[in-house]
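Enquirer: Structure incoming, see below.
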Amino acid sequence: MSLSFDIELPRRNFLLQLKADFGDQTIGVFGPSGAGKTSLFSLLAGLERPSAGKIALNGKVITDTEKQIYLPPNKRKIGVVFQEKLLFPHLSIKENILFGERYVKEKRIRFDDVVELLELSPLLNSMPNSVSGGEQQRAAIARALLTSPEMLLLDEPFNAVDANLRKTMLPYLRKLRDELKIPLLIISHDLPDIQRLTNMVYLIEQGRCVGFGEIINLINSGTAVTGEQGVVNTLNLIKPEKIDEGLFQCRAEGLNNGTVIRTPFAPADSFTMTIHPEEIALSITPVPNISIQNQLKGTVVNLIKKEHSLYCIINAGVPLIAKITADSQKRLGIGVGTELYCLFKAHSLML
Ligand SMILES: Nc1ncnc2c1ncn2[C@@H]1O[C@H](COP(=O)(O)OP(=O)(O)OP(=O)(O)O)[C@@H](O)[C@H]1O
């Protein structure tokens with residue numbers, strides 16, 4: 001998959017000017033309110049025309065202002081799920097989903113498969129207003145998938161879901177990414193939500209791209225990516241071994257031989273856990289006789305000041321970000337190159 005665009009569109013307060021070349025991966029589009037994220041989606045989906053520019057998906061030009069090419073939304077092979085007005089209220093969930101394939105000639109994605117993947121069969125005969133926000137969202141995703149898209153755009157997919165249920169959307173989005181192998185472009189205000197699906201972000205501010213790449217590299221290069229919800233560390237863990245009731249030890253790509261991470265659960269042979277930078281304590285020496293299960297040795301590669309705190313970027317085989325106070329930095333004499341130990345409890349790791 002490849003999506004490239006170089007587009008301009010006047011907005012109320014600025015000229016949106018965005019350019020990118022995306023490969024075959026899931027990408028999070030992140031930026032403050034009013035940055036131009038939804039405008040980008042409308043342009044990609046063909047709901048709006050840029051004042052100048054070009055968009056191509058898999059080598060096929062779908063918008064080109066010079067050549068006056070504007071493929072209509074249903075011919076673009078881009079599925080879109082907006083955050084509001086997800087479904088037609090007068091159609092059942094089944095009819096809503098089937099609406100997706102009305103104009104599709106080459107059906108690559110089948111109704112039964114989508115219903116199974118998104119666990120929608122008990123809801124098919126229900127009307128949209130009698131199912132939850134998360135279920136409506138899944139039905140809207142199913143409808144978009146039945147257009148047999150080559151990529152899927154999701155605008156704030158966690159917003160339609162109540163705060164307690166938002167994590168329930170994640171497994172479905174992971175299934176789309178891993179089983180259907182559909183590249184996703186996801187708008188979210190919440191960087192940790194993006195991080196649970198991908199490390200790649202496209203950062204927008206005031207209609208311009210201010211950074212594109214792996215989150216850790218963007219933070220490391222000083223590009224501010226810590227939104228309201230902050231940022232999380234993601235650890236891709238493998239080969240869990242049960243060592244006690246409620247305690248597993250796992251390997252992670254990049255960890256030195258013999259180093260393991262201890263977690264309270266291990267749902268699969270390979271899985272991702274997250275930990276907040278605030279939950280990682282730093283020590284210059286190893287700390288014996290302490291209940292904390294994880295002590296990873298690492299080297300500080302960067303320090304980023306934010307208000308009265310510091311984000312320490314540490315290479316511990318895996319990249320880790322720890323948030324400490326300026327006072328702790330001074331007391332411990334932490335600088336770039338300092339070798340130290342990153343301490344975190346097994347229970348601070350979250351699935
Ligand atoms: N049709 C329009 N004409 C002119 N300006 C617009 C139009 N629609 C939106 N805007 C303005 O363009 C800017 C970008 O809006 P957009 O909805 O793309 O941002 P966003 O990043 O998606 O914001 P949010 O996260 O709040 O949804 C905003 O200042 C908005 O007021």
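By order in the structure tokens, chains are A, B, ...; within a chain, residues start at 1; ligands start at 1, following the order shown.
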Please extract the residues at most 10 Å from ligand 1, counting only C-alpha atoms and all ligand atoms, and provide them as a PDB file with C-alpha atoms, in the first residue's frame, using the chain letters and residue numbers of this document.

Expert:
ATOM      1  CA  LEU A   9      -6.821  23.896   1.276  1.00  0.00           C
ATOM      2  CA  PRO A  10      -7.649  27.312   2.748  1.00  0.00           C
ATOM      3  CA  ARG A  11      -9.173  26.998   6.207  1.00  0.00           C
ATOM      4  CA  ARG A  12     -10.605  29.760   8.365  1.00  0.00           C
ATOM      5  CA  ASN A  13      -7.353  30.596  10.168  1.00  0.00           C
ATOM      6  CA  PHE A  14      -4.649  29.107   7.997  1.00  0.00           C
ATOM      7  CA  LEU A  15      -3.774  27.500   4.716  1.00  0.00           C
ATOM      8  CA  LEU A  16      -3.701  23.733   5.199  1.00  0.00           C
ATOM      9  CA  VAL A  29      -2.685  11.264  12.856  1.00  0.00           C
ATOM     10  CA  PHE A  30      -2.208  13.376  15.945  1.00  0.00           C
ATOM     11  CA  GLY A  31      -2.553  17.070  16.622  1.00  0.00           C
ATOM     12  CA  PRO A  32      -4.415  19.609  18.731  1.00  0.00           C
ATOM     13  CA  SER A  33      -8.045  20.510  18.140  1.00  0.00           C
ATOM     14  CA  GLY A  34      -8.445  22.533  14.959  1.00  0.00           C
ATOM     15  CA  ALA A  35      -5.087  21.417  13.518  1.00  0.00           C
ATOM     16  CA  GLY A  36      -6.657  20.117  10.317  1.00  0.00           C
ATOM     17  CA  LYS A  37      -6.948  16.379  10.916  1.00  0.00           C
ATOM     18  CA  THR A  38     -10.569  16.018   9.849  1.00  0.00           C
ATOM     19  CA  SER A  39      -9.926  18.294   6.865  1.00  0.00           C
ATOM     20  CA  LEU A  40      -7.165  15.920   5.760  1.00  0.00           C
ATOM     21  CA  PHE A  41      -9.585  12.981   5.983  1.00  0.00           C
ATOM     22  CA  SER A  42     -12.250  14.801   3.966  1.00  0.00           C
ATOM     23  CA  LEU A  43      -9.701  15.528   1.249  1.00  0.00           C
ATOM     24  CA  GLU A  48     -13.752  17.996  -0.241  1.00  0.00           C
ATOM     25  CA  GLN A  83     -16.790  10.052  14.512  1.00  0.00           C
ATOM     26  CA  ASP A 155     -11.678   9.592  12.799  1.00  0.00           C
ATOM     27  CA  GLU A 156     -11.444   9.361  16.605  1.00  0.00           C
ATOM     28  CA  ILE A 187      -7.069  10.268  14.020  1.00  0.00           C
ATOM     29  CA  SER A 188      -6.870  10.463  17.769  1.00  0.00           C
ATOM     30  CA  HIS A 189      -6.434  13.162  20.372  1.00  0.00           C
ATOM     31  CA  ILE A 204      -0.238  18.146  12.447  1.00  0.00           C
ATOM     32  CA  GLU A 205      -0.302  21.655  13.859  1.00  0.00           C
ATOM     33  CA  GLN A 206      -2.002  24.654  12.238  1.00  0.00           C
ATOM     34  CA  GLY A 207      -2.471  22.797   8.972  1.00  0.00           C
TER      35      GLY A 207
END

Enquirer: Write out as a list of chain:residue names each polymer residue whose atoms come within 8 Å of range 124-127 of chain A, counting only C-alpha atoms; drop sequence neighbours fewer than 2 positions from it.

Expert: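 So, after excluding close chain neighbours, the residues are A:Pro89, A:His90, A:Leu91, A:Ser92, A:Ile93, A:Lys94, A:Leu120, A:Ser121, A:Pro122, A:Asn129, A:Ser130, A:Val131.
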
Enquirer: How would the residues just chosen look if you wrote them out with C-alpha atoms as a PDB file, in the first residue's frame?

Expert:
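Result went into out.pdb, see below:
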ATOM      1  CA  PRO A  89     -31.046   5.448  11.730  1.00  0.00           C
ATOM      2  CA  HIS A  90     -33.870   3.961   9.627  1.00  0.00           C
ATOM      3  CA  LEU A  91     -31.887   0.902   8.536  1.00  0.00           C
ATOM      4  CA  SER A  92     -31.094  -2.168  10.650  1.00  0.00           C
ATOM      5  CA  ILE A  93     -27.489  -2.936  11.509  1.00  0.00           C
ATOM      6  CA  LYS A  94     -27.470  -5.566   8.754  1.00  0.00           C
ATOM      7  CA  LEU A 120     -21.741  -8.381  14.998  1.00  0.00           C
ATOM      8  CA  SER A 121     -24.017 -11.373  14.376  1.00  0.00           C
ATOM      9  CA  PRO A 122     -26.196 -10.936  17.510  1.00  0.00           C
ATOM     10  CA  ASN A 129     -30.577   3.467  18.324  1.00  0.00           C
ATOM     11  CA  SER A 130     -30.940   0.258  20.325  1.00  0.00           C
ATOM     12  CA  VAL A 131     -27.237  -0.662  20.357  1.00  0.00           C
TER      13      VAL A 131
END

Enquirer: List every residue of range 12-61 of chain A that DSSP, applied to the backbone of this structure, assigns to strand (DSSP E or B), and report them as a PyMOL selection string.

Expert: chain A and resi 15-22+27-30+52-57+60-61

Enquirer: Would you write out those residues with C-alpha atoms, as a PDB file, in the first residue's frame?

Expert:
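Saved as again.pdb:
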ATOM      1  CA  LEU A  15      -3.774  27.500   4.716  1.00  0.00           C
ATOM      2  CA  LEU A  16      -3.701  23.733   5.199  1.00  0.00           C
ATOM      3  CA  GLN A  17      -0.599  22.445   3.404  1.00  0.00           C
ATOM      4  CA  LEU A  18       0.105  18.785   3.900  1.00  0.00           C
ATOM      5  CA  LYS A  19       2.447  16.422   2.163  1.00  0.00           C
ATOM      6  CA  ALA A  20       3.373  12.787   2.878  1.00  0.00           C
ATOM      7  CA  ASP A  21       4.276   9.416   1.470  1.00  0.00           C
ATOM      8  CA  PHE A  22       2.858   6.608   3.589  1.00  0.00           C
ATOM      9  CA  ILE A  27      -0.348   5.486  11.097  1.00  0.00           C
ATOM     10  CA  GLY A  28      -1.777   7.693  13.801  1.00  0.00           C
ATOM     11  CA  VAL A  29      -2.685  11.264  12.856  1.00  0.00           C
ATOM     12  CA  PHE A  30      -2.208  13.376  15.945  1.00  0.00           C
ATOM     13  CA  ALA A  52      -4.281  22.705  -5.255  1.00  0.00           C
ATOM     14  CA  GLY A  53      -2.527  19.368  -5.174  1.00  0.00           C
ATOM     15  CA  LYS A  54      -2.551  15.698  -5.850  1.00  0.00           C
ATOM     16  CA  ILE A  55      -3.433  12.475  -4.010  1.00  0.00           C
ATOM     17  CA  ALA A  56      -2.483   8.982  -5.179  1.00  0.00           C
ATOM     18  CA  LEU A  57      -3.347   5.618  -3.665  1.00  0.00           C
ATOM     19  CA  LYS A  60      -3.476   5.544  -8.901  1.00  0.00           C
ATOM     20  CA  VAL A  61      -4.188   9.267  -8.955  1.00  0.00           C
TER      21      VAL A  61
END

Enquirer: Could you pull the residues within 12 Å of Arg177 in chain A, counting only C-alpha atoms, minus those fewer than 2 positions along the same chain, as a PyMOL selection string?

Expert: chain A and resi 24-27+117+150-152+170-175+179-186+197-198
